[in-house]
2 protein chains.
Amino acid sequence: MHEISTLAQRVQLLERSWFDQALLRQNRLTKPPQSLGRLEDIACRIAAIQRTLSPAVDHKMLVVFAADHGVTEEGVSPYPAEVTAQMVANFLRGGAAINALAKTAGAKLVIVDAGVKSPIPAVDGWNGQMQFIQQPVRKGSRNFAKEPALTMDETATALRLGYDVAMKAKEAGVNLIGIGEMGIGNTTAAAAVTAALTGLPGASVTGRGTGADDQTLARKKSVVEQALRLHSPDANDPLRILQTVGGLELAGLAGVCLGAAASRIAIVCDGFIATAGAALAVRLCPASADYMFAAHLSAEPGHAALLEILQQKPLLDLNMRLGEGTGAALAMTIIDAAVRAFTEMATFEAAGVSNR
Amino acid sequence: MHEISTLAQRVQLLERSWFDQALLRQNRLTKPPQSLGRLEDIACRIAAIQRTLSPAVDHKMLVVFAADHGVTEEGVSPYPAEVTAQMVANFLRGGAAINALAKTAGAKLVIVDAGVKSPIPAVDGWNGQMQFIQQPVRKGSRNFAKEPALTMDETATALRLGYDVAMKAKEAGVNLIGIGEMGIGNTTAAAAVTAALTGLPGASVTGRGTGADDQTLARKKSVVEQALRLHSPDANDPLRILQTVGGLELAGLAGVCLGAAASRIAIVCDGFIATAGAALAVRLCPASADYMFAAHLSAEPGHAALLEILQQKPLLDLNMRLGEGTGAALAMTIIDAAVRAFTEMATFEAAGVSNR
């Protein structure tokens, strides 16, 4: 685990001076001060992340980590576990919501199999526009209601897998990374992680996920509580939380956040599960929070508590709860607009517009 | 005014059956039901507007109506009235926020001079990507604190100007229209229109606009109250409201809404002023509300009351208060994403994904 701490140490705190310089420029642009609202803060933070007054987010990537969860044995999802593999095939064929939304955002899509259990169905109409990284750490995590989800080695390998995705993105010139996920059962894991990180009761942060009925929801809550009693994870030990009640896509998500922050790439977190991964990264390395944007407010009850760990206010609230990175894709276009307004607008002086 | 009623009658009510058919398709797509939240409603309504299960919003136009206001004589804005003309020149050069945001949204920009008073400064670096319609009905409206802003003929001409913009857009194949505005003093006019339409006290719907200080805000409130006392407009006579306390860009905005609705083109309303124009259209023709989307919640206090007339919930809340159509541009990308997910996603059946 020594390696993980070393990775985390590479993340640098944002320099306030870049933010301040960007703010000075905002106030010279042809608009009343602060009239672009949160767009102005976004652009200033991107300027500070990239350390330039000419920031750009024109090279976007959306990475979706997929993995399975042993805890599905407990009947926590209305969908069969095979759906994870089927949906990965759907991504590769271009038929999922995230395909359409990544296209709208102009983001390259990267699918990472971090631990899908069932064989991924053959894909005829392979959509060459996307990248598929097939490096399952193991074929799904163990049932954390009965035993730790992962070994420490597996956890570290999945974290490193995510970290390396960010490193390769940096080499390719990516300047904005959206993060999403696919994994039947992963709202159960994310709920357990949220409870462990925040100390909140498991039941209070467990929601309906893909649409659990009352009976399934009750079972899900009791499974989360049972797992917390079994492993009693320490809120200050994010690696142990990830290993006992997390999952392989959650580790990948945490890893890509650390790698992106270390590479000074802004990160757009999707909903509940992606934010659970990001919150683990923040606990591993608090400075990484400065690189994160919260895309939207998920309908899942645990999401708000995770956003407090990130200290981020969501950009959108559209009652979405799909995951896959769909909220992140939408938020990426908002961030794009914010940065373009900042870099492309004329100043009062240059435009010959009378200022007050 | 007979002509205006005829125009308004061309708007047809949406057929519920198209919405229902679209909803059936939503539930067959590879996602848990309703998991795309408000995106699903958006796509269903666009399907109903366009009367097809293959809707498209790939031909976007953002139209900005500019005009001046005689009421600026009363000292209601921190900016001099010349800024309207200067900002129109800034639009034409591509240096304003709306230029950057329309580009992000992939929307063609159309600037309409419906009544700018000062000469529009010569533009060297003309940006040929946009259209400039220079048809000022008169050089700014009259000071409505002392006399009616417009004559009935001027009001009808400006309405028709907006209506014709929509007709030409329809011919050009536009399938989504965003509406914005520029006009120093126009939050004062929009506040008076809002009070007249809703019966709310003028002071309660008057805000800081481009950034009025306490003294200017107090003056602005008293000017609005004074105008309402002078003209005592009837809430059920939107044309008279437009004529007495409105303005030329407000009439243009109302006209383009009627024209778009009559042409079955969805409309994205920007902030307070654009929504005041849209609300006038709804009072002229209630069926037009079904064609409108509210882009965002403006920081102006009168905006929420106008949204009730439209019966629309804003898509975004980013603390923006710039106008120009900037909020509409952002919301157009959300609508684009909603429609693309609806038309491009695979069904459970086609993708071989197990449904519940």
# chains A, B, ... in the order shown; residues from 1 in each chain; ligands from 1
>>> residues_around(residues="range 200-215 of chain B", least_positions_apart="3", cutoff="8 Å", atoms="only C-alpha atoms", output="list in words")
Pro32, Pro33 and Ser35 of chain A; Val76, Ser77, Pro78, Tyr79, Thr187, Thr188, Ala191, Ala192, Thr194, Ala195, Ala196, Ala218, Arg219, Lys220, Lys221, Ser222, Val224, Glu225, Leu228, Glu300, Pro301, Gly302, His303, Arg321 and Leu322 of chain B
>>> calpha_fit_and_write(fixed="chain B", moving="chain A", output="compact mmCIF listing (two decimals) with C-alpha atoms, in the first residue's frame")
# COMPACT_ATOMS: atom_id res chain seq x y z
CA MET A 1 -54.74 44.10 -34.10
CA HIS A 2 -57.00 41.69 -35.92
CA GLU A 3 -53.87 40.30 -37.57
CA ILE A 4 -52.23 39.36 -34.24
CA SER A 5 -55.25 37.31 -33.16
CA THR A 6 -55.13 35.49 -36.49
CA LEU A 7 -51.43 34.68 -35.98
CA ALA A 8 -52.13 33.40 -32.47
CA GLN A 9 -54.89 31.11 -33.72
CA ARG A 10 -52.43 29.19 -35.86
CA VAL A 11 -50.89 27.57 -32.78
CA GLN A 12 -52.19 24.05 -32.24
CA LEU A 13 -52.51 22.22 -28.94
CA LEU A 14 -50.10 19.32 -28.49
CA GLU A 15 -51.62 15.91 -29.01
CA ARG A 16 -51.36 13.76 -25.90
CA SER A 17 -51.13 10.62 -28.06
CA TRP A 18 -47.67 11.55 -29.36
CA PHE A 19 -46.44 12.09 -25.83
CA ASP A 20 -47.84 8.70 -24.77
CA GLN A 21 -46.26 6.87 -27.70
CA ALA A 22 -42.91 8.48 -26.93
CA LEU A 23 -43.24 7.41 -23.30
CA LEU A 24 -43.80 3.80 -24.38
CA ARG A 25 -40.57 3.96 -26.34
CA GLN A 26 -38.70 5.51 -23.38
CA ASN A 27 -39.64 2.48 -21.29
CA ARG A 28 -38.21 0.05 -23.86
CA LEU A 29 -34.79 1.75 -23.98
CA THR A 30 -31.79 0.17 -22.19
CA LYS A 31 -32.08 2.01 -18.88
CA PRO A 32 -34.23 1.60 -15.78
CA PRO A 33 -37.61 3.35 -16.30
CA GLN A 34 -37.48 7.12 -15.63
CA SER A 35 -33.77 6.92 -14.79
CA LEU A 36 -32.96 9.76 -17.19
CA GLY A 37 -35.31 11.95 -15.14
CA ARG A 38 -36.30 15.20 -16.77
CA LEU A 39 -34.45 14.28 -19.98
CA GLU A 40 -37.21 11.75 -20.62
CA ASP A 41 -39.98 14.35 -20.33
CA ILE A 42 -38.07 16.72 -22.59
CA ALA A 43 -37.72 14.13 -25.35
CA CYS A 44 -41.38 13.12 -25.10
CA ARG A 45 -42.49 16.73 -25.41
CA ILE A 46 -40.21 17.37 -28.39
CA ALA A 47 -41.68 14.23 -30.00
CA ALA A 48 -45.19 15.62 -29.42
CA ILE A 49 -44.21 19.07 -30.75
CA GLN A 50 -42.68 17.56 -33.90
CA ARG A 51 -45.28 14.77 -34.16
CA THR A 52 -42.73 12.04 -34.70
CA LEU A 53 -40.96 9.29 -32.75
CA SER A 54 -37.76 10.36 -34.53
CA PRO A 55 -37.51 13.94 -33.29
CA ALA A 56 -34.41 16.02 -33.95
CA VAL A 57 -33.04 19.29 -32.62
CA ASP A 58 -29.98 19.28 -34.84
CA HIS A 59 -30.71 22.61 -36.45
CA LYS A 60 -30.56 25.14 -33.66
CA MET A 61 -30.98 28.87 -33.83
CA LEU A 62 -30.48 31.45 -31.14
CA VAL A 63 -32.20 34.76 -31.83
CA VAL A 64 -31.31 37.88 -29.86
CA PHE A 65 -33.66 40.88 -30.08
CA ALA A 66 -32.05 44.23 -29.28
CA ALA A 67 -33.80 47.52 -28.56
CA ASP A 68 -33.52 50.64 -26.46
CA HIS A 69 -35.83 52.03 -23.81
CA GLY A 70 -36.87 55.65 -23.26
CA VAL A 71 -37.25 54.87 -19.57
CA THR A 72 -33.45 54.91 -19.20
CA GLU A 73 -33.91 58.72 -18.92
CA GLU A 74 -35.08 58.02 -15.38
CA GLY A 75 -31.67 56.60 -14.38
CA VAL A 76 -32.72 52.97 -13.93
CA SER A 77 -29.49 51.30 -15.13
CA PRO A 78 -25.84 51.58 -14.08
CA TYR A 79 -24.84 51.41 -17.78
CA PRO A 80 -25.36 54.23 -20.32
CA ALA A 81 -28.00 53.56 -23.03
CA GLU A 82 -25.27 53.58 -25.73
CA VAL A 83 -24.20 50.15 -24.45
CA THR A 84 -27.09 48.51 -26.35
CA ALA A 85 -25.60 49.57 -29.70
CA GLN A 86 -22.05 48.83 -28.51
CA MET A 87 -23.05 45.33 -27.45
CA VAL A 88 -24.78 44.68 -30.79
CA ALA A 89 -21.44 45.52 -32.42
CA ASN A 90 -19.74 43.18 -29.93
CA PHE A 91 -22.17 40.39 -30.95
CA LEU A 92 -21.36 41.00 -34.62
CA ARG A 93 -17.62 40.82 -33.91
CA GLY A 94 -18.11 37.60 -31.92
CA GLY A 95 -16.86 39.00 -28.59
CA ALA A 96 -19.87 38.54 -26.30
CA ALA A 97 -20.78 35.69 -23.97
CA ILE A 98 -23.60 34.60 -26.28
CA ASN A 99 -21.13 34.14 -29.16
CA ALA A 100 -19.11 31.66 -27.12
CA LEU A 101 -22.17 29.89 -25.71
CA ALA A 102 -24.06 29.66 -29.01
CA LYS A 103 -20.92 28.06 -30.48
CA THR A 104 -20.80 25.51 -27.65
CA ALA A 105 -24.47 24.71 -28.29
CA GLY A 106 -23.92 24.45 -32.05
CA ALA A 107 -26.59 27.10 -32.60
CA LYS A 108 -26.69 29.63 -35.40
CA LEU A 109 -26.85 33.15 -34.00
CA VAL A 110 -29.35 35.70 -35.35
CA ILE A 111 -29.21 39.28 -34.07
CA VAL A 112 -32.29 41.43 -34.64
CA ASP A 113 -32.15 45.19 -34.26
CA ALA A 114 -35.80 45.77 -33.36
CA GLY A 115 -35.20 49.31 -32.16
CA VAL A 116 -31.68 50.29 -31.14
CA LYS A 117 -31.37 54.04 -30.59
CA SER A 118 -27.65 54.88 -30.96
CA PRO A 119 -25.84 54.20 -34.23
CA ILE A 120 -24.34 50.71 -34.18
CA PRO A 121 -20.53 51.13 -34.30
CA ALA A 122 -18.87 49.93 -37.49
CA VAL A 123 -17.64 46.37 -37.23
CA ASP A 124 -14.34 45.49 -38.83
CA GLY A 125 -13.99 41.81 -38.16
CA TRP A 126 -17.55 40.92 -39.18
CA ASN A 127 -18.32 37.39 -38.16
CA GLY A 128 -20.10 36.00 -41.21
CA GLN A 129 -21.39 32.98 -39.30
CA MET A 130 -24.22 35.03 -37.92
CA GLN A 131 -27.20 36.78 -39.40
CA PHE A 132 -28.01 40.41 -38.65
CA ILE A 133 -31.54 41.62 -39.27
CA GLN A 134 -31.57 45.39 -39.02
CA GLN A 135 -35.23 46.46 -38.99
CA PRO A 136 -35.63 48.93 -36.12
CA VAL A 137 -39.32 49.72 -35.72
CA ARG A 138 -38.28 53.00 -34.14
CA LYS A 139 -35.10 54.28 -32.49
CA GLY A 140 -35.95 53.03 -29.01
CA SER A 141 -39.27 53.12 -27.17
CA ARG A 142 -40.68 56.20 -25.42
CA ASN A 143 -40.24 56.82 -21.68
CA PHE A 144 -43.14 54.83 -20.25
CA ALA A 145 -42.87 56.66 -16.93
CA LYS A 146 -44.43 59.59 -18.80
CA GLU A 147 -46.24 58.24 -21.88
CA PRO A 148 -46.98 54.89 -23.57
CA ALA A 149 -43.77 53.18 -24.68
CA LEU A 150 -45.12 52.45 -28.16
CA THR A 151 -48.09 53.08 -30.41
CA MET A 152 -50.32 50.13 -31.23
CA ASP A 153 -48.96 50.13 -34.79
CA GLU A 154 -45.37 50.00 -33.59
CA THR A 155 -46.26 47.16 -31.23
CA ALA A 156 -47.87 45.16 -34.03
CA THR A 157 -44.94 45.78 -36.38
CA ALA A 158 -42.42 44.55 -33.79
CA LEU A 159 -44.54 41.48 -33.04
CA ARG A 160 -44.73 40.72 -36.75
CA LEU A 161 -40.94 41.19 -37.05
CA GLY A 162 -40.46 38.42 -34.47
CA TYR A 163 -43.14 36.24 -36.03
CA ASP A 164 -41.44 36.46 -39.42
CA VAL A 165 -38.06 35.46 -37.94
CA ALA A 166 -39.72 32.20 -36.88
CA MET A 167 -41.35 31.72 -40.29
CA LYS A 168 -37.99 32.11 -42.03
CA ALA A 169 -36.39 29.76 -39.50
CA LYS A 170 -39.03 27.15 -40.29
CA GLU A 171 -38.27 27.45 -44.01
CA ALA A 172 -34.56 26.99 -43.26
CA GLY A 173 -35.29 23.78 -41.33
CA VAL A 174 -34.60 25.09 -37.83
CA ASN A 175 -36.02 22.71 -35.20
CA LEU A 176 -35.05 24.44 -31.93
CA ILE A 177 -35.14 28.17 -31.24
CA GLY A 178 -33.50 29.80 -28.24
CA ILE A 179 -34.52 33.37 -27.44
CA GLY A 180 -32.45 36.12 -25.87
CA GLU A 181 -32.24 39.91 -25.72
CA MET A 182 -30.09 42.98 -25.28
CA GLY A 183 -31.39 46.37 -24.21
CA ILE A 184 -30.20 48.73 -21.51
CA GLY A 185 -33.23 49.43 -19.32
CA ASN A 186 -35.13 46.32 -20.28
CA THR A 187 -35.29 44.75 -16.83
CA THR A 188 -37.35 47.84 -15.89
CA ALA A 189 -39.74 47.19 -18.78
CA ALA A 190 -39.86 43.46 -18.01
CA ALA A 191 -40.64 44.22 -14.36
CA ALA A 192 -43.53 46.50 -15.37
CA VAL A 193 -44.81 43.83 -17.78
CA THR A 194 -44.53 41.16 -15.06
CA ALA A 195 -46.45 43.27 -12.55
CA ALA A 196 -49.12 44.03 -15.16
CA LEU A 197 -49.48 40.36 -16.20
CA THR A 198 -49.54 38.94 -12.67
CA GLY A 199 -51.08 41.69 -10.56
CA LEU A 200 -48.06 41.54 -8.23
CA PRO A 201 -46.78 44.86 -6.83
CA GLY A 202 -44.24 46.46 -9.17
CA ALA A 203 -41.63 46.79 -6.46
CA SER A 204 -41.74 43.06 -5.65
CA VAL A 205 -40.82 42.02 -9.20
CA THR A 206 -38.13 44.68 -9.76
CA GLY A 207 -34.53 43.55 -9.30
CA ARG A 208 -30.98 44.79 -9.77
CA GLY A 209 -30.72 43.89 -13.47
CA THR A 210 -27.16 44.46 -14.64
CA GLY A 211 -26.19 45.40 -11.08
CA ALA A 212 -28.12 48.44 -9.84
CA ASP A 213 -26.97 49.74 -6.47
CA ASP A 214 -29.46 50.33 -3.65
CA GLN A 215 -30.24 53.88 -4.74
CA THR A 216 -30.77 52.93 -8.40
CA LEU A 217 -32.89 49.95 -7.36
CA ALA A 218 -35.15 52.20 -5.25
CA ARG A 219 -35.53 54.60 -8.20
CA LYS A 220 -36.26 51.69 -10.53
CA LYS A 221 -38.99 50.37 -8.25
CA SER A 222 -40.62 53.77 -7.99
CA VAL A 223 -40.47 54.23 -11.80
CA VAL A 224 -42.19 50.86 -12.31
CA GLU A 225 -44.90 51.74 -9.77
CA GLN A 226 -45.37 55.17 -11.36
CA ALA A 227 -45.77 53.63 -14.83
CA LEU A 228 -48.33 51.13 -13.57
CA ARG A 229 -50.34 53.93 -11.96
CA LEU A 230 -50.14 56.03 -15.13
CA HIS A 231 -51.23 53.33 -17.59
CA SER A 232 -53.15 50.95 -15.28
CA PRO A 233 -52.81 48.11 -17.79
CA ASP A 234 -55.40 45.32 -17.69
CA ALA A 235 -53.88 41.87 -16.93
CA ASN A 236 -56.10 40.39 -19.64
CA ASP A 237 -54.92 42.72 -22.37
CA PRO A 238 -51.35 41.63 -23.20
CA LEU A 239 -51.17 43.82 -26.30
CA ARG A 240 -51.98 46.91 -24.30
CA ILE A 241 -49.38 45.90 -21.68
CA LEU A 242 -46.76 45.52 -24.40
CA GLN A 243 -47.71 48.86 -25.92
CA THR A 244 -47.79 50.91 -22.72
CA VAL A 245 -44.96 49.48 -20.57
CA GLY A 246 -43.21 46.98 -22.87
CA GLY A 247 -40.60 47.56 -25.53
CA LEU A 248 -39.62 46.63 -29.03
CA GLU A 249 -37.44 43.61 -28.16
CA LEU A 250 -40.19 42.34 -25.83
CA ALA A 251 -42.66 42.53 -28.72
CA GLY A 252 -40.17 40.76 -31.00
CA LEU A 253 -39.69 38.02 -28.39
CA ALA A 254 -43.46 37.52 -28.04
CA GLY A 255 -43.77 37.42 -31.83
CA VAL A 256 -41.04 34.85 -32.37
CA CYS A 257 -42.67 32.63 -29.71
CA LEU A 258 -46.03 32.77 -31.50
CA GLY A 259 -44.35 32.10 -34.85
CA ALA A 260 -42.29 29.20 -33.50
CA ALA A 261 -45.31 27.61 -31.81
CA ALA A 262 -47.37 28.04 -34.98
CA SER A 263 -44.54 26.31 -36.89
CA ARG A 264 -44.24 23.54 -34.28
CA ILE A 265 -40.70 24.56 -33.33
CA ALA A 266 -39.73 24.14 -29.67
CA ILE A 267 -38.70 27.36 -27.93
CA VAL A 268 -36.06 27.72 -25.21
CA CYS A 269 -36.65 30.84 -23.12
CA ASP A 270 -33.65 32.49 -21.52
CA GLY A 271 -34.02 34.50 -18.31
CA PHE A 272 -36.27 37.24 -16.95
CA ILE A 273 -36.72 39.44 -20.03
CA ALA A 274 -37.00 36.66 -22.61
CA THR A 275 -39.52 34.96 -20.34
CA ALA A 276 -41.50 38.20 -20.07
CA GLY A 277 -41.76 38.14 -23.89
CA ALA A 278 -42.76 34.48 -23.80
CA ALA A 279 -45.36 35.13 -21.07
CA LEU A 280 -46.94 37.83 -23.24
CA ALA A 281 -47.14 35.25 -26.05
CA VAL A 282 -48.80 32.77 -23.69
CA ARG A 283 -51.40 35.37 -22.68
CA LEU A 284 -52.02 36.13 -26.37
CA CYS A 285 -52.23 32.41 -27.09
CA PRO A 286 -52.27 29.95 -24.16
CA ALA A 287 -51.51 26.92 -26.40
CA SER A 288 -48.05 28.34 -27.14
CA ALA A 289 -46.87 27.40 -23.61
CA ASP A 290 -46.68 23.75 -24.65
CA TYR A 291 -43.88 24.63 -27.06
CA MET A 292 -41.75 26.41 -24.47
CA PHE A 293 -38.91 25.25 -22.25
CA ALA A 294 -37.59 27.41 -19.42
CA ALA A 295 -33.79 27.41 -19.64
CA HIS A 296 -32.81 28.53 -16.18
CA LEU A 297 -33.87 30.34 -13.06
CA SER A 298 -32.74 33.92 -13.28
CA ALA A 299 -31.56 35.79 -10.19
CA GLU A 300 -34.24 38.46 -10.95
CA PRO A 301 -37.12 38.38 -8.43
CA GLY A 302 -39.89 38.56 -11.06
CA HIS A 303 -38.76 35.50 -12.99
CA ALA A 304 -40.50 32.85 -10.89
CA ALA A 305 -43.90 34.53 -11.37
CA LEU A 306 -43.40 34.53 -15.14
CA LEU A 307 -42.46 30.83 -15.10
CA GLU A 308 -45.86 30.14 -13.53
CA ILE A 309 -47.52 31.70 -16.56
CA LEU A 310 -45.45 29.41 -18.80
CA GLN A 311 -46.11 26.51 -16.41
CA GLN A 312 -42.50 25.50 -16.84
CA LYS A 313 -39.83 24.48 -14.37
CA PRO A 314 -36.37 25.80 -15.24
CA LEU A 315 -33.79 23.25 -16.41
CA LEU A 316 -30.78 24.99 -14.88
CA ASP A 317 -30.02 27.06 -11.82
CA LEU A 318 -26.52 28.46 -12.17
CA ASN A 319 -27.07 31.89 -10.66
CA MET A 320 -26.80 33.53 -14.08
CA ARG A 321 -28.32 36.94 -14.82
CA LEU A 322 -26.67 38.09 -18.03
CA GLY A 323 -29.41 37.65 -20.61
CA GLU A 324 -28.41 37.69 -24.31
CA GLY A 325 -29.77 34.12 -24.50
CA THR A 326 -26.83 32.69 -22.53
CA GLY A 327 -29.01 30.47 -20.33
CA ALA A 328 -31.00 29.35 -23.37
CA ALA A 329 -27.79 28.31 -25.14
CA LEU A 330 -26.81 26.07 -22.21
CA ALA A 331 -30.29 24.56 -21.98
CA MET A 332 -30.26 23.79 -25.71
CA THR A 333 -27.41 21.33 -25.15
CA ILE A 334 -29.48 19.59 -22.43
CA ILE A 335 -32.43 19.31 -24.83
CA ASP A 336 -30.10 18.05 -27.55
CA ALA A 337 -28.78 15.36 -25.21
CA ALA A 338 -32.33 14.36 -24.21
CA VAL A 339 -33.42 13.96 -27.82
CA ARG A 340 -30.27 12.09 -28.85
CA ALA A 341 -30.62 9.62 -25.99
CA PHE A 342 -34.25 9.05 -27.05
CA THR A 343 -33.49 8.49 -30.72
CA GLU A 344 -30.09 6.79 -30.55
CA MET A 345 -30.44 4.36 -27.64
CA ALA A 346 -31.08 0.68 -28.25
CA THR A 347 -34.12 -1.12 -26.83
CA PHE A 348 -33.66 -3.99 -24.33
CA GLU A 349 -34.80 -6.35 -27.08
CA ALA A 350 -32.44 -5.11 -29.78
CA ALA A 351 -29.45 -4.97 -27.41
CA GLY A 352 -30.05 -8.39 -25.85
CA VAL A 353 -30.08 -6.85 -22.38
CA SER A 354 -32.23 -8.62 -19.76
CA ASN A 355 -35.09 -6.48 -18.55
CA ARG A 356 -36.68 -7.01 -15.16
>>> select_by_dssp(residues="range 45-86 of chain A", states="alpha helix (DSSP H)", output="list in words")
Arg45, Ile46, Ala47, Ala48, Ile49, Gln50, Val83, Thr84, Ala85 and Gln86 of chain A
>>> select_by_dssp(residues="range 26-208 of chain B", states="strand (DSSP E or B)", output="VMD selection string")
chain B and resid 29 60 to 67 107 to 115 131 to 134 176 to 182
>>> write_last_selection(atoms="N, CA, C and O atoms", output="compact mmCIF listing (two decimals), in the first residue's frame")
# COMPACT_ATOMS: atom_id res chain seq x y z
N LEU B 29 -36.21 1.45 -23.77
CA LEU B 29 -34.78 1.74 -23.97
C LEU B 29 -33.94 1.16 -22.84
O LEU B 29 -34.42 0.99 -21.72
N LYS B 60 -30.23 24.20 -34.73
CA LYS B 60 -30.57 25.14 -33.65
C LYS B 60 -30.29 26.58 -34.06
O LYS B 60 -29.32 26.87 -34.74
N MET B 61 -31.16 27.45 -33.57
CA MET B 61 -30.99 28.88 -33.83
C MET B 61 -31.18 29.64 -32.52
O MET B 61 -32.08 29.32 -31.75
N LEU B 62 -30.33 30.60 -32.30
CA LEU B 62 -30.49 31.46 -31.13
C LEU B 62 -30.72 32.87 -31.63
O LEU B 62 -29.88 33.44 -32.33
N VAL B 63 -31.88 33.42 -31.33
CA VAL B 63 -32.20 34.75 -31.83
C VAL B 63 -32.21 35.76 -30.68
O VAL B 63 -32.82 35.53 -29.63
N VAL B 64 -31.46 36.84 -30.88
CA VAL B 64 -31.31 37.89 -29.86
C VAL B 64 -31.95 39.17 -30.38
O VAL B 64 -31.51 39.72 -31.39
N PHE B 65 -33.01 39.62 -29.71
CA PHE B 65 -33.67 40.88 -30.08
C PHE B 65 -33.06 42.02 -29.27
O PHE B 65 -32.97 41.92 -28.04
N ALA B 66 -32.66 43.08 -29.97
CA ALA B 66 -32.06 44.22 -29.28
C ALA B 66 -32.91 45.46 -29.50
O ALA B 66 -33.43 45.69 -30.59
N ALA B 67 -33.06 46.27 -28.44
CA ALA B 67 -33.80 47.53 -28.56
C ALA B 67 -33.48 48.43 -27.37
O ALA B 67 -32.99 47.95 -26.33
N ALA B 107 -25.42 26.37 -32.13
CA ALA B 107 -26.59 27.12 -32.60
C ALA B 107 -26.16 28.28 -33.49
O ALA B 107 -25.20 28.99 -33.19
N LYS B 108 -26.89 28.46 -34.57
CA LYS B 108 -26.68 29.63 -35.41
C LYS B 108 -27.21 30.87 -34.67
O LYS B 108 -28.27 30.82 -34.06
N LEU B 109 -26.46 31.95 -34.72
CA LEU B 109 -26.85 33.15 -34.00
C LEU B 109 -27.50 34.15 -34.96
O LEU B 109 -26.96 34.43 -36.04
N VAL B 110 -28.66 34.67 -34.57
CA VAL B 110 -29.35 35.70 -35.35
C VAL B 110 -29.56 36.90 -34.44
O VAL B 110 -30.14 36.77 -33.36
N ILE B 111 -29.05 38.05 -34.85
CA ILE B 111 -29.21 39.27 -34.07
C ILE B 111 -30.25 40.13 -34.78
O ILE B 111 -30.13 40.36 -35.99
N VAL B 112 -31.25 40.59 -34.04
CA VAL B 112 -32.29 41.43 -34.64
C VAL B 112 -32.28 42.81 -33.98
O VAL B 112 -32.50 42.91 -32.77
N ASP B 113 -32.00 43.84 -34.76
CA ASP B 113 -32.15 45.20 -34.26
C ASP B 113 -33.62 45.57 -34.43
O ASP B 113 -34.07 45.91 -35.52
N ALA B 114 -34.36 45.47 -33.32
CA ALA B 114 -35.79 45.77 -33.36
C ALA B 114 -36.05 47.22 -33.00
O ALA B 114 -37.19 47.70 -33.12
N GLY B 115 -35.01 47.93 -32.54
CA GLY B 115 -35.20 49.33 -32.16
C GLY B 115 -34.06 49.88 -31.33
O GLY B 115 -34.29 50.44 -30.26
N GLN B 131 -26.33 35.98 -38.56
CA GLN B 131 -27.21 36.78 -39.40
C GLN B 131 -27.59 38.03 -38.62
O GLN B 131 -27.84 37.96 -37.41
N PHE B 132 -27.63 39.15 -39.30
CA PHE B 132 -28.01 40.40 -38.64
C PHE B 132 -29.21 40.98 -39.38
O PHE B 132 -29.12 41.31 -40.56
N ILE B 133 -30.32 41.05 -38.68
CA ILE B 133 -31.54 41.61 -39.26
C ILE B 133 -31.71 43.01 -38.68
O ILE B 133 -31.97 43.17 -37.48
N GLN B 134 -31.53 44.02 -39.51
CA GLN B 134 -31.58 45.39 -39.02
C GLN B 134 -32.89 46.03 -39.47
O GLN B 134 -32.96 46.61 -40.55
N LEU B 176 -35.11 23.99 -33.34
CA LEU B 176 -35.06 24.43 -31.93
C LEU B 176 -34.63 25.90 -31.93
O LEU B 176 -33.60 26.25 -32.51
N ILE B 177 -35.45 26.73 -31.29
CA ILE B 177 -35.14 28.17 -31.24
C ILE B 177 -34.91 28.60 -29.80
O ILE B 177 -35.78 28.39 -28.94
N GLY B 178 -33.76 29.18 -29.53
CA GLY B 178 -33.50 29.81 -28.24
C GLY B 178 -33.73 31.30 -28.38
O GLY B 178 -33.44 31.87 -29.44
N ILE B 179 -34.26 31.93 -27.34
CA ILE B 179 -34.53 33.37 -27.45
C ILE B 179 -33.80 34.15 -26.36
O ILE B 179 -33.78 33.77 -25.19
N GLY B 180 -33.18 35.27 -26.80
CA GLY B 180 -32.46 36.13 -25.87
C GLY B 180 -32.64 37.58 -26.25
O GLY B 180 -33.34 37.90 -27.22
N GLU B 181 -32.02 38.48 -25.49
CA GLU B 181 -32.25 39.92 -25.73
C GLU B 181 -31.09 40.76 -25.24
O GLU B 181 -30.27 40.30 -24.44
N MET B 182 -31.05 41.97 -25.73
CA MET B 182 -30.09 42.98 -25.27
C MET B 182 -30.80 44.32 -25.31
O MET B 182 -31.39 44.67 -26.33
